Amino acid sequence: MGEVDPRRRMPRTDALLADPALAAAAGTLGRDRVKAEIVAAQHRARRGEITPDRVRDAALAALPGRTPRPVLNATGVVLHTNLGRAPLAPAAVDALVAAAGHTDVELDLATGRRARRGREALDALAAAVPDAAAVHVVNNGAAALVLAATALAAGREIVVSRGELVEIGDGFRLPDLLASTGARLREVGTTNRTTRADYAAAIGPDTGFVLKVHPSNFVVTGFTSAVPVGALATLGVPVVVDIGSGLLAPDPLLPDEPDAASTLRAGAHLVTASGDKLLGGPQAGLLLGDAALVERLRRHPLARALRVDKLTLAALAATLHVPATPTGDALRADAGRLRERTERLRDLLGDDGCKAEVVPAAAVVGGGGAPGVELDSWALSLPERYAVPLRTGEPAILGRVLHGRLLLDLRAVPESADGHVRAAILRVAS
């Protein structure tokens, strides 16, 4: 008898659709999409490009993976902008899931009538910062500043120190952002020194407001001076302060980081901040301050274009209610405990024949917050060649390459994920 044509061993389409991995893919991508890739892989096998036993794997490989992919942040940068900054607390994740369907985001269930949009999140924000007479939320920190500039200074002047005309990342510069609103910038002082007299001399009939911006991603040292909020508040015009990182109240761990409550008590009329940094919540722009100013911003036509969706409102409300967030936990992680975790991981790897070292490390806040602040930490040191396969593996693990070594800092990695880190390293080592 002649040899059986290997193409006769072609797996049936219905059998492949029942395969657990392909069935799971059909649940997220749709049965038609998965079936089309199976058929395409079968055609490749009939043409002899792949063997029949590779059809399943070829179909799986052709399907898109999860987007975005979860990443374990072992960089030592707690708020990593490229990783989406703050990871959400479990309660905020649950709130997102609950908000995915129909919700009472803009409805009073008791009366059946329209209600204030996102009232739970707004009430929680107001409760967190009692010094704010009113609050509002837009879709990110830059949007908060754009709304303030448009509503209060379009066609007028914004007085700002030259030393605070920052670039906020990816080439976006504060002067360009503000100029896009139709406001004119009136720069005062110099890069390193600005006085109250500089501001006072620039204020006139065309002044919309004085803007103070916290330089949250750099530090200027040496022969410097800046004007505190309290002194600016005596100039007779609105003072808008962009504190940046979203700290709502003073934090002893970050004594030099401005917070919303202290800034308002010092005399600021309006504070803008981000929700996805030190607050530990979703991306959002927070506006807090004088009731008349906040209402003016809330009623401006641009506010509709910048409003947040129900998912953000749900996650923000949950974040404001929880006693702790993953960001706060990572910032306050005990260095001794981190060393114990890292040494345990090293020892377990050693038991499996994979050599690693534990070295001291310096973690940072990141995300445009607390520049210059270093957090004592520890890292697992591995060969640099591990970096790419760990970064592209499952789960994806991002570390930091330094001096020819890959450093994995567990500060921002949930302890529950240590086993996954170990298994991923062993796969690369083998």
# chains A, B, ... in the order shown; residues from 1 in each chain; ligands from 1
>>> residues_around(residues="Pro52 in chain A", least_positions_apart="6", cutoff="7 Å", atoms="only C-alpha atoms", output="short mmCIF file (atom, residue, chain, number, x, y, z; two decimals) with N, CA and C atoms, in the first residue's frame")
data_model
loop_
_atom_site.label_atom_id
_atom_site.label_comp_id
_atom_site.auth_asym_id
_atom_site.auth_seq_id
_atom_site.Cartn_x
_atom_site.Cartn_y
_atom_site.Cartn_z
N ARG A 7 -2.13 15.22 3.89
CA ARG A 7 -3.21 16.20 3.91
C ARG A 7 -4.53 15.59 4.34
N ARG A 9 -4.85 13.95 6.91
CA ARG A 9 -4.87 14.08 8.36
C ARG A 9 -5.33 15.47 8.80
N MET A 10 -5.83 16.25 7.86
CA MET A 10 -6.26 17.62 8.15
C MET A 10 -7.34 17.62 9.25
N PRO A 11 -7.15 18.36 10.33
CA PRO A 11 -8.17 18.41 11.39
C PRO A 11 -9.44 19.08 10.87
N ALA A 45 -2.04 24.38 4.88
CA ALA A 45 -1.62 22.98 5.01
C ALA A 45 -1.82 22.22 3.71
#
>>> residues_around(residues="range 247-255 of chain A", least_positions_apart="3", cutoff="8 Å", atoms="only C-alpha atoms", output="number ranges by chain")
A: 128-129, 243, 258-262, 273, 278-279, 370, 373
>>> residues_around(residues="range 396-399 of chain A", least_positions_apart="2", cutoff="9 Å", atoms="only C-alpha atoms", output="list of chain:residue names")
A:Arg69, A:Pro70, A:Val71, A:Leu72, A:Asn73, A:Ala74, A:Thr75, A:Gly76, A:Ala387, A:Val388, A:Pro389, A:Leu390, A:Arg391, A:Thr392, A:Gly393, A:Glu394, A:Val401, A:Leu406, A:Leu407, A:Leu408, A:Asp409, A:Val421, A:Ala424
>>> residues_around(residues="Gly118 in chain A", least_positions_apart="5", cutoff="9 Å", atoms="only C-alpha atoms", output="JSON, numbers by chain")
{"A": [104, 105, 106, 123, 308, 309, 310, 313, 314, 317]}
>>> write_last_selection(atoms="C-alpha atoms", output="compact mmCIF listing (two decimals), in the first residue's frame")
# COMPACT_ATOMS: atom_id res chain seq x y z
CA ASP A 104 -27.83 55.64 36.96
CA VAL A 105 -24.98 57.94 35.86
CA GLU A 106 -27.45 60.74 35.07
CA ASP A 123 -19.61 64.24 46.07
CA VAL A 308 -15.73 62.04 31.41
CA ASP A 309 -17.62 58.85 30.65
CA LYS A 310 -19.49 56.67 33.11
CA LEU A 313 -16.76 58.39 37.00
CA ALA A 314 -17.37 54.97 38.52
CA ALA A 317 -15.77 57.43 42.93
>>> select_by_dssp(residues="range 65-250 of chain A", states="helix (DSSP H, G or I)", output="PyMOL selection string")
chain A and resi 81-83+90-99+119-128+141-153+162-164+174-179+196-202+229-232
>>> closest_atom_pairs(of="range 21-92 of chain A", to="range 331-334 of chain A", cutoff="10 Å", atoms="only C-alpha atoms", output="Markdown table")
| residue | atom | partner | partner_atom | distance |
| --- | --- | --- | --- | --- |
| A:Val77 | CA | A:Leu331 | CA | 9.7 |
| A:Val78 | CA | A:Leu331 | CA | 7.0 |
| A:Leu79 | CA | A:Leu331 | CA | 9.5 |
>>> residues_around(residues="Phe218 in chain A", least_positions_apart="5", cutoff="9 Å", atoms="only C-alpha atoms", output="compact mmCIF listing (two decimals) with C-alpha atoms, in the first residue's frame")
# COMPACT_ATOMS: atom_id res chain seq x y z
CA GLY A 368 5.30 63.72 36.72
CA ALA A 370 7.78 64.28 43.27
CA PRO A 371 10.83 64.81 41.04
CA GLY A 372 14.07 64.14 42.86
>>> residues_around(residues="Ser245 in chain A", least_positions_apart="5", cutoff="12 Å", atoms="only C-alpha atoms", output="ChimeraX atom specification")
/A:79,85-86,140-142,168,213-217,254,256-260,271-281,283-286,365-371
